file query_29.cif (mmCIF, C-alpha atoms)
data_protein
#
loop_
_atom_site.group_PDB
_atom_site.id
_atom_site.type_symbol
_atom_site.label_atom_id
_atom_site.label_comp_id
_atom_site.auth_asym_id
_atom_site.auth_seq_id
_atom_site.Cartn_x
_atom_site.Cartn_y
_atom_site.Cartn_z
ATOM 1 C CA MET B 1 100.079 134.303 201.123
ATOM 2 C CA ALA B 2 97.826 136.189 203.546
ATOM 3 C CA SER B 3 98.961 134.095 206.513
ATOM 4 C CA ALA B 4 102.613 134.914 205.779
ATOM 5 C CA LEU B 5 101.724 138.591 205.626
ATOM 6 C CA LEU B 6 99.877 138.402 208.942
ATOM 7 C CA GLN B 7 102.825 136.602 210.522
ATOM 8 C CA LYS B 8 105.080 139.440 209.357
ATOM 9 C CA LEU B 9 102.657 141.971 210.875
ATOM 10 C CA MET B 10 102.690 140.146 214.208
ATOM 11 C CA GLU B 11 106.497 139.921 214.285
ATOM 12 C CA ASN B 12 107.138 143.586 213.504
ATOM 13 C CA ASP B 13 106.107 146.877 215.058
ATOM 14 C CA LEU B 14 102.331 146.849 214.507
ATOM 15 C CA ARG B 15 101.998 150.616 214.910
ATOM 16 C CA HIS B 16 104.013 151.143 211.709
ATOM 17 C CA TYR B 17 101.655 149.010 209.682
ATOM 18 C CA SER B 18 98.552 150.581 211.170
ATOM 19 C CA THR B 19 98.885 153.697 209.033
ATOM 20 C CA GLU B 20 101.338 152.692 206.335
ATOM 21 C CA TYR B 21 100.038 149.328 205.140
ATOM 22 C CA ASN B 22 98.422 149.304 201.690
ATOM 23 C CA THR B 23 95.006 147.784 202.314
ATOM 24 C CA THR B 24 94.348 147.265 198.616
ATOM 25 C CA SER B 25 96.990 144.560 198.333
ATOM 26 C CA PRO B 26 95.645 141.575 196.377
ATOM 27 C CA GLU B 27 97.583 139.306 198.745
ATOM 28 C CA VAL B 28 95.134 139.957 201.563
ATOM 29 C CA ARG B 29 91.756 138.239 201.742
ATOM 30 C CA SER B 30 89.085 140.747 202.615
ATOM 31 C CA CYS B 31 85.697 140.261 204.164
ATOM 32 C CA THR B 32 83.035 142.634 205.379
ATOM 33 C CA CYS B 33 81.559 142.248 208.835
ATOM 34 C CA GLU B 34 77.957 143.196 209.490
ATOM 35 C CA ASP B 35 77.888 142.148 213.130
ATOM 36 C CA ALA B 36 80.494 141.822 215.874
ATOM 37 C CA SER B 37 79.510 138.162 216.273
ATOM 38 C CA ASP B 38 81.069 137.545 212.831
ATOM 39 C CA LEU B 39 84.506 138.251 214.294
ATOM 40 C CA ASN B 40 86.706 136.199 216.585
ATOM 41 C CA MET B 41 88.508 138.717 218.766
ATOM 42 C CA GLN B 42 90.568 136.291 220.843
ATOM 43 C CA GLU B 43 93.766 137.587 219.252
ATOM 44 C CA PHE B 44 95.097 140.899 218.010
ATOM 45 C CA ILE B 45 93.296 143.747 216.263
ATOM 46 C CA LEU B 46 95.329 146.017 214.011
ATOM 47 C CA PHE B 47 93.522 149.242 213.126
ATOM 48 C CA VAL B 48 94.355 150.377 209.579
ATOM 49 C CA GLY B 49 92.036 153.313 208.967
ATOM 50 C CA VAL B 50 88.581 154.662 208.254
ATOM 51 C CA GLU B 51 86.651 156.128 205.385
ATOM 52 C CA ARG B 52 83.205 157.612 205.066
ATOM 53 C CA SER B 53 80.231 155.590 203.909
ATOM 54 C CA ALA B 54 76.684 156.813 203.354
ATOM 55 C CA ASP B 55 75.575 156.505 206.989
ATOM 56 C CA ASP B 56 78.658 155.678 209.100
ATOM 57 C CA LEU B 57 82.425 155.402 208.995
ATOM 58 C CA ASN B 58 83.850 152.162 207.594
ATOM 59 C CA VAL B 59 86.799 150.759 209.517
ATOM 60 C CA THR B 60 89.522 148.646 207.941
ATOM 61 C CA PHE B 61 91.490 146.443 210.318
ATOM 62 C CA PHE B 62 93.315 143.143 210.577
ATOM 63 C CA ASN B 63 92.724 140.292 212.951
ATOM 64 C CA ARG B 64 93.736 136.645 212.826
ATOM 65 C CA ASN B 65 91.269 136.126 209.959
ATOM 66 C CA GLY B 66 92.943 138.682 207.698
ATOM 67 C CA GLN B 67 91.734 142.041 206.515
ATOM 68 C CA GLN B 68 88.299 142.995 207.801
ATOM 69 C CA ARG B 69 85.896 145.873 207.188
ATOM 70 C CA ALA B 70 83.122 146.900 209.540
ATOM 71 C CA SER B 71 81.061 149.960 210.326
ATOM 72 C CA TRP B 72 82.342 152.158 213.158
ATOM 73 C CA ARG B 73 79.329 151.066 215.236
ATOM 74 C CA VAL B 74 80.207 147.366 214.820
ATOM 75 C CA PHE B 75 83.922 147.990 215.356
ATOM 76 C CA LYS B 76 83.254 149.860 218.630
ATOM 77 C CA SER B 77 81.114 146.972 219.830
ATOM 78 C CA LEU B 78 84.234 144.766 219.757
ATOM 79 C CA GLY B 79 85.198 146.500 222.975
ATOM 80 C CA GLU B 80 88.354 147.606 224.678
ATOM 81 C CA ARG B 81 90.755 145.726 222.402
ATOM 82 C CA ALA B 82 89.338 147.549 219.365
ATOM 83 C CA MET B 83 89.602 150.937 221.067
ATOM 84 C CA GLU B 84 93.195 150.174 222.104
ATOM 85 C CA ALA B 85 93.993 149.396 218.460
ATOM 86 C CA VAL B 86 92.671 152.828 217.420
ATOM 87 C CA VAL B 87 94.803 154.612 220.009
ATOM 88 C CA THR B 88 97.885 152.478 219.260
ATOM 89 C CA ALA B 89 97.563 153.496 215.604
ATOM 90 C CA GLY B 90 97.875 157.137 216.688
ATOM 91 C CA TRP B 91 94.240 158.171 216.288
ATOM 92 C CA ILE B 92 92.414 160.377 218.807
ATOM 93 C CA LEU B 93 89.412 158.342 219.816
ATOM 94 C CA TYR B 94 87.019 161.120 220.856
ATOM 95 C CA LYS B 95 87.689 163.026 217.614
ATOM 96 C CA LEU B 96 87.019 159.921 215.547
ATOM 97 C CA GLU B 97 83.785 159.396 217.467
ATOM 98 C CA GLY B 98 82.825 163.021 216.745
ATOM 99 C CA ILE B 99 83.449 162.524 213.036
ATOM 100 C CA ALA B 100 81.288 159.395 213.070
ATOM 101 C CA GLN B 101 78.553 161.386 214.778
ATOM 102 C CA SER B 102 78.828 164.088 212.108
ATOM 103 C CA VAL B 103 78.210 161.440 209.435
ATOM 104 C CA HIS B 104 75.017 160.412 211.247
ATOM 105 C CA GLU B 105 73.917 164.044 211.592
ATOM 106 C CA GLY B 106 74.678 164.924 207.969
ATOM 107 C CA THR B 107 77.375 167.478 208.860
ATOM 108 C CA PHE B 108 80.428 165.408 207.845
ATOM 109 C CA ASP B 109 83.519 167.337 206.720
ATOM 110 C CA GLN B 110 86.075 165.279 204.753
ATOM 111 C CA HIS B 111 88.781 167.814 205.600
ATOM 112 C CA GLU B 112 88.344 167.057 209.304
ATOM 113 C CA LEU B 113 88.807 163.315 208.703
ATOM 114 C CA ASP B 114 91.852 163.958 206.494
ATOM 115 C CA GLU B 115 93.459 166.120 209.184
ATOM 116 C CA LEU B 116 92.848 163.452 211.820
ATOM 117 C CA LYS B 117 94.327 160.803 209.511
ATOM 118 C CA ASP B 118 97.454 162.934 208.920
ATOM 119 C CA SER B 119 97.964 163.601 212.629
ATOM 120 C CA ALA B 120 97.532 159.875 213.378
ATOM 121 C CA LYS B 121 100.208 159.061 210.823
ATOM 122 C CA GLU B 122 102.591 161.549 212.458
ATOM 123 C CA ARG B 123 101.932 160.173 215.958
ATOM 124 C CA SER B 124 102.288 156.538 214.914
ATOM 125 C CA ASN B 125 105.680 157.197 213.336
ATOM 126 C CA LYS B 126 107.168 158.759 216.484
ATOM 127 C CA PRO B 127 109.291 156.473 218.676
ATOM 128 C CA ARG B 128 107.613 155.470 221.939
ATOM 129 C CA LEU B 129 108.817 154.078 225.195
ATOM 130 C CA LEU B 130 107.103 150.835 226.035
ATOM 131 C CA GLY B 131 106.885 149.498 229.502
#
call {"tool": "encode", "arguments": {"input": "query_29.cif", "output": "structure tokens"}}
result
Amino acid sequence: MASALLQKLMENDLRHYSTEYNTTSPEVRSCTCEDASDLNMQEFILFVGVERSADDLNVTFFNRNGQQRASWRVFKSLGERAMEAVVTAGWILYKLEGIAQSVHEGTFDQHELDELKDSAKERSNKPRLLG
């Protein structure tokens, strides 16, 4: 079932799914990644969202292996393709990095993350010219 869902994601506008997809769907196999070497990044990365953990942000995303979860630090280490996925999903990269830093410093504000999430949803739903 998960492979059919991933095929649908690849065939449709990925930006729509990046903020609207329900990541708690039982149809999707989930795994947690502790290290970037656990992931094969030869194909697409679809950024879904972030949430706070005790010492970092946790990122939820899709790749060819299904739904994945990794710390922000590990996700960033995936490189340019991962950062492009964040921007494609409508998120402002430097603000997300600042929020991650605030988690590390103990000054995290959930309201700030919620506002960034809402603005990403608005941006990802706007039509864009590709080319």
call {"tool": "closest_residue", "arguments": {"input": "query_29.cif", "among": "B:Leu116, B:Val59, B:Ile99, B:Leu93", "to": "Trp72 (chain B)", "atoms": "all atoms listed in the file"}}
result
B:Val59
call {"tool": "resolve_selection", "arguments": {"input": "query_29.cif", "expression": "the PyMOL selection byres ((chain B and resi 108) around 12)", "output": "list in words"}}
result
Glu51, Arg52, Ser53, Ala54, Asp55, Asp56, Leu57, Leu96, Glu97, Gly98, Ile99, Ala100, Gln101, Ser102, Val103, His104, Glu105, Gly106, Thr107, Asp109, Gln110, His111, Glu112, Leu113 and Asp114 of chain B
call {"tool": "resolve_selection", "arguments": {"input": "query_29.cif", "expression": "the PyMOL selection byres ((chain B and resi 119) around 12)", "output": "list in words"}}
result
Thr19, Ala89, Gly90, Trp91, Ile92, Lys95, Leu96, Glu112, Leu113, Asp114, Glu115, Leu116, Lys117, Asp118, Ala120, Lys121, Glu122, Arg123, Ser124, Asn125 and Lys126 of chain B
call {"tool": "write_last_selection", "arguments": {"input": "query_29.cif", "atoms": "C-alpha atoms", "output": "compact mmCIF listing (two decimals), in the frame of the given file"}}
result
# COMPACT_ATOMS: atom_id res chain seq x y z
CA THR B 19 98.88 153.70 209.03
CA ALA B 89 97.56 153.50 215.60
CA GLY B 90 97.88 157.14 216.69
CA TRP B 91 94.24 158.17 216.29
CA ILE B 92 92.41 160.38 218.81
CA LYS B 95 87.69 163.03 217.61
CA LEU B 96 87.02 159.92 215.55
CA GLU B 112 88.34 167.06 209.30
CA LEU B 113 88.81 163.32 208.70
CA ASP B 114 91.85 163.96 206.49
CA GLU B 115 93.46 166.12 209.18
CA LEU B 116 92.85 163.45 211.82
CA LYS B 117 94.33 160.80 209.51
CA ASP B 118 97.45 162.93 208.92
CA ALA B 120 97.53 159.88 213.38
CA LYS B 121 100.21 159.06 210.82
CA GLU B 122 102.59 161.55 212.46
CA ARG B 123 101.93 160.17 215.96
CA SER B 124 102.29 156.54 214.91
CA ASN B 125 105.68 157.20 213.34
CA LYS B 126 107.17 158.76 216.48
call {"tool": "atom_distance", "arguments": {"input": "query_29.cif", "atom1": "CA of Ser71 (chain B)", "atom2": "CA of Glu84 (chain B)"}}
result
16.9 Å
call {"tool": "atom_distance", "arguments": {"input": "query_29.cif", "atom1": "CA of Tyr94 (chain B)", "atom2": "CA of Phe44 (chain B)"}}
result
22.0 Å
call {"tool": "axis_aligned_box", "arguments": {"input": "query_29.cif", "around": "region 110-124 of chain B", "padding_each_side": "3 Å", "output": "JSON"}}
result
{"center_x": 94.3, "center_y": 162.2, "center_z": 210.4, "size_x": 22.5, "size_y": 17.3, "size_z": 17.2}
call {"tool": "atom_distance", "arguments": {"input": "query_29.cif", "atom1": "CA of Phe62 (chain B)", "atom2": "CA of Phe47 (chain B)"}}
result
6.6 Å
